[in-house]
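S.K.: Dumping the structure here so I can ask a few things about it.
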Amino acid sequence: MIKAFVVDNDRLRLSENFELDKGKVVWADLFNPTMDEEADIEEWLGASVPTREDMEEIEISSRLYVEDGAYFMTATLPSQADSDNPVMSPVTFVLAGDRLVTIRYQEPRAFQTFPARAEKVATGCTSAETILIGLLETIVDRLADILERASRGVEAISKNIFHPRSTGASSRDRDFQRVLKDIGSKETLTSDIRDSLTSLQRLTGFLANAVGQSKNGKDARARIKTLSRDVLSLTDHATFLSQKITFLLDATLGMINIEQNGIIKIFSVAAVIFLPPTLVASIYGMNFELMPELKWLFGYPFALGLMVVSAILPYWYFRRRGWL
């Protein structure tokens, strides 16, 4: 599918027919393009567009390069990011003179919000360069929103770990299982956003060189510089979040170990407390004919009392040492 946009008084306007408006189209957005659509765009652009396999290459030379006078820039962007499992996919931006082409196979939200806002409000979309910069700014804003939501989720996990609501052992076990799943999903989300920001950081540096020679190069470079600083600050924040998630994972595993050690401690103390009574019962349970207390009137109460005392003494000792 091809969405073509033309510039109309510093605003974007969706073209009704790409073929009829080819001479006025400034931005062509390809979403899951067919071979015929790719051929039409290549003829209009004057350069070959990369295939999906080319876009998925991870080498810098395959993501940022100049060919036939056009600048090709590929970044990894999230879609369906309202969940903790966004779909990461490459998006290629092709800047050739006063023409911009974007090729994508997913639906990042910025590709919906930016054209809608640029059609209603004059956002300075006067050329392909300004459209690309405005689109990148919207993408960075969207990534910032995702990181803010992830931060709130991490704070909620932290409170759940250090201030648990449940007191029962079985409830805490279920809570820890849920916490571990939440930590894993937040780490996946943060890692994906960091990858996306890293690709955007490289893209902005490449774009700054691409627009350096244009007539609006000074203003464009200033906006790109601001954009680059925003990306860098978001990358630092994502790194901080990743470190905090790692700390929460270690803390959760430590809490689980404490819970397990507490349970083992209870069993150990119980075993030690009941060991002396068991020994007494074993002695007086032997079936020897000649036993001193066998005919004794107070033998049975004496044995019971000895068992109780032998159980109380270890318990008292443990309490005095602070082991209980």
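Residues are referred to by chain and number: the chain letter is A, B, ... according to the order shown in the structure tokens, the number counts from 1 in that chain, and ligands are numbered separately from 1 in the order shown.
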With a distance cut-off of 7 Å and only C-alpha atoms, select the neighbouring residues of stretch 112-118 of chain A, excluding the residue or stretch itself and same-chain residues fewer than 4 positions from it, and output the selection as a compact mmCIF listing (two decimals) with C-alpha atoms, in the first residue's frame.
M.R.:
# COMPACT_ATOMS: atom_id res chain seq x y z
CA ARG A 11 0.88 21.07 6.18
CA LEU A 12 0.66 17.58 4.80
CA ALA A 122 1.17 23.76 10.42
CA THR A 123 4.25 21.91 11.67
CA LEU A 135 8.53 12.15 11.75
CA THR A 138 7.30 11.96 16.74
S.K.: Using DSSP secondary structure from the backbone, list all strand (DSSP E or B) positions within stretch 83-173 of chain A, as a PyMOL selection string.
M.R.: chain A and resi 87-96+99-104
S.K.: Take the selection from the previous step and output its residues with N, CA, C and O atoms, as a PDB file, in the first residue's frame.
M.R.:
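So the final result, stored in out.pdb, reads:
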ATOM      1  N   VAL A  87       6.336  -5.582  18.881  1.00  0.00           N
ATOM      2  CA  VAL A  87       6.930  -6.208  17.699  1.00  0.00           C
ATOM      3  C   VAL A  87       7.968  -5.248  17.143  1.00  0.00           C
ATOM      4  O   VAL A  87       7.648  -4.113  16.768  1.00  0.00           O
ATOM      5  N   MET A  88       9.218  -5.689  17.119  1.00  0.00           N
ATOM      6  CA  MET A  88      10.302  -4.850  16.618  1.00  0.00           C
ATOM      7  C   MET A  88      10.535  -5.168  15.143  1.00  0.00           C
ATOM      8  O   MET A  88      10.663  -6.339  14.775  1.00  0.00           O
ATOM      9  N   SER A  89      10.587  -4.135  14.328  1.00  0.00           N
ATOM     10  CA  SER A  89      10.773  -4.345  12.896  1.00  0.00           C
ATOM     11  C   SER A  89      11.557  -3.173  12.313  1.00  0.00           C
ATOM     12  O   SER A  89      11.487  -2.045  12.825  1.00  0.00           O
ATOM     13  N   PRO A  90      12.303  -3.403  11.246  1.00  0.00           N
ATOM     14  CA  PRO A  90      13.072  -2.318  10.625  1.00  0.00           C
ATOM     15  C   PRO A  90      12.184  -1.410   9.782  1.00  0.00           C
ATOM     16  O   PRO A  90      11.206  -1.857   9.168  1.00  0.00           O
ATOM     17  N   VAL A  91      12.518  -0.130   9.781  1.00  0.00           N
ATOM     18  CA  VAL A  91      11.854   0.863   8.939  1.00  0.00           C
ATOM     19  C   VAL A  91      12.953   1.633   8.212  1.00  0.00           C
ATOM     20  O   VAL A  91      13.904   2.108   8.837  1.00  0.00           O
ATOM     21  N   THR A  92      12.832   1.729   6.913  1.00  0.00           N
ATOM     22  CA  THR A  92      13.841   2.408   6.099  1.00  0.00           C
ATOM     23  C   THR A  92      13.321   3.759   5.636  1.00  0.00           C
ATOM     24  O   THR A  92      12.181   3.875   5.167  1.00  0.00           O
ATOM     25  N   PHE A  93      14.175   4.781   5.783  1.00  0.00           N
ATOM     26  CA  PHE A  93      13.878   6.136   5.320  1.00  0.00           C
ATOM     27  C   PHE A  93      14.831   6.434   4.159  1.00  0.00           C
ATOM     28  O   PHE A  93      16.051   6.301   4.306  1.00  0.00           O
ATOM     29  N   VAL A  94      14.268   6.828   3.042  1.00  0.00           N
ATOM     30  CA  VAL A  94      15.066   7.146   1.862  1.00  0.00           C
ATOM     31  C   VAL A  94      14.852   8.618   1.533  1.00  0.00           C
ATOM     32  O   VAL A  94      13.725   9.046   1.262  1.00  0.00           O
ATOM     33  N   LEU A  95      15.923   9.378   1.578  1.00  0.00           N
ATOM     34  CA  LEU A  95      15.867  10.816   1.294  1.00  0.00           C
ATOM     35  C   LEU A  95      16.622  11.065   0.000  1.00  0.00           C
ATOM     36  O   LEU A  95      17.846  10.888  -0.067  1.00  0.00           O
ATOM     37  N   ALA A  96      15.886  11.468  -1.029  1.00  0.00           N
ATOM     38  CA  ALA A  96      16.483  11.738  -2.337  1.00  0.00           C
ATOM     39  C   ALA A  96      16.035  13.111  -2.801  1.00  0.00           C
ATOM     40  O   ALA A  96      14.901  13.278  -3.283  1.00  0.00           O
ATOM     41  N   ARG A  99      12.449  14.486  -2.065  1.00  0.00           N
ATOM     42  CA  ARG A  99      11.495  13.376  -2.010  1.00  0.00           C
ATOM     43  C   ARG A  99      11.891  12.424  -0.874  1.00  0.00           C
ATOM     44  O   ARG A  99      13.076  12.132  -0.690  1.00  0.00           O
ATOM     45  N   LEU A 100      10.882  11.978  -0.152  1.00  0.00           N
ATOM     46  CA  LEU A 100      11.097  11.083   0.988  1.00  0.00           C
ATOM     47  C   LEU A 100      10.252   9.834   0.785  1.00  0.00           C
ATOM     48  O   LEU A 100       9.068   9.911   0.425  1.00  0.00           O
ATOM     49  N   VAL A 101      10.882   8.689   1.024  1.00  0.00           N
ATOM     50  CA  VAL A 101      10.179   7.410   0.965  1.00  0.00           C
ATOM     51  C   VAL A 101      10.438   6.669   2.273  1.00  0.00           C
ATOM     52  O   VAL A 101      11.572   6.623   2.756  1.00  0.00           O
ATOM     53  N   THR A 102       9.399   6.112   2.848  1.00  0.00           N
ATOM     54  CA  THR A 102       9.527   5.235   4.021  1.00  0.00           C
ATOM     55  C   THR A 102       8.990   3.860   3.648  1.00  0.00           C
ATOM     56  O   THR A 102       7.925   3.751   3.035  1.00  0.00           O
ATOM     57  N   ILE A 103       9.755   2.850   4.015  1.00  0.00           N
ATOM     58  CA  ILE A 103       9.358   1.463   3.745  1.00  0.00           C
ATOM     59  C   ILE A 103       9.250   0.730   5.074  1.00  0.00           C
ATOM     60  O   ILE A 103      10.192   0.742   5.872  1.00  0.00           O
ATOM     61  N   ARG A 104       8.105   0.106   5.314  1.00  0.00           N
ATOM     62  CA  ARG A 104       7.881  -0.585   6.582  1.00  0.00           C
ATOM     63  C   ARG A 104       6.938  -1.761   6.373  1.00  0.00           C
ATOM     64  O   ARG A 104       6.177  -1.806   5.397  1.00  0.00           O
TER      65      ARG A 104
END
S.K.: A:Leu203: which residues within 8 Å, counting only C-alpha atoms, same-chain residues fewer than 6 positions away excluded, as a short mmCIF file (atom, residue, chain, number, x, y, z; two decimals) with C-alpha atoms, in the first residue's frame?
M.R.:
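That gives us result-v8.cif:
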data_model
loop_
_atom_site.label_atom_id
_atom_site.label_comp_id
_atom_site.auth_asym_id
_atom_site.auth_seq_id
_atom_site.Cartn_x
_atom_site.Cartn_y
_atom_site.Cartn_z
CA LEU A 64 23.21 3.70 6.54
CA MET A 73 18.67 5.06 6.66
CA THR A 74 17.19 2.09 8.51
CA ALA A 75 16.11 2.06 12.15
#
S.K.: Write out as JSON, numbers by chain all residues of stretch 21-215 of chain A that backbone DSSP assigns to helix (DSSP H, G or I).
M.R.: {"A": [35, 36, 37, 38, 39, 40, 41, 42, 43, 44, 45, 52, 53, 54, 55, 60, 61, 62, 63, 110, 111, 112, 113, 114, 115, 116, 117, 118, 119, 120, 128, 129, 130, 131, 132, 133, 134, 135, 136, 137, 138, 139, 140, 141, 142, 143, 144, 145, 146, 147, 148, 149, 150, 151, 152, 153, 154, 155, 156, 157, 158, 159, 160, 161, 162, 169, 170, 171, 172, 173, 174, 175, 176, 177, 178, 179, 180, 181, 182, 183, 184, 185, 186, 187, 188, 189, 190, 191, 192, 193, 194, 195, 196, 197, 198, 199, 200, 201, 202, 203, 204, 205, 206, 207, 208, 209, 210]}
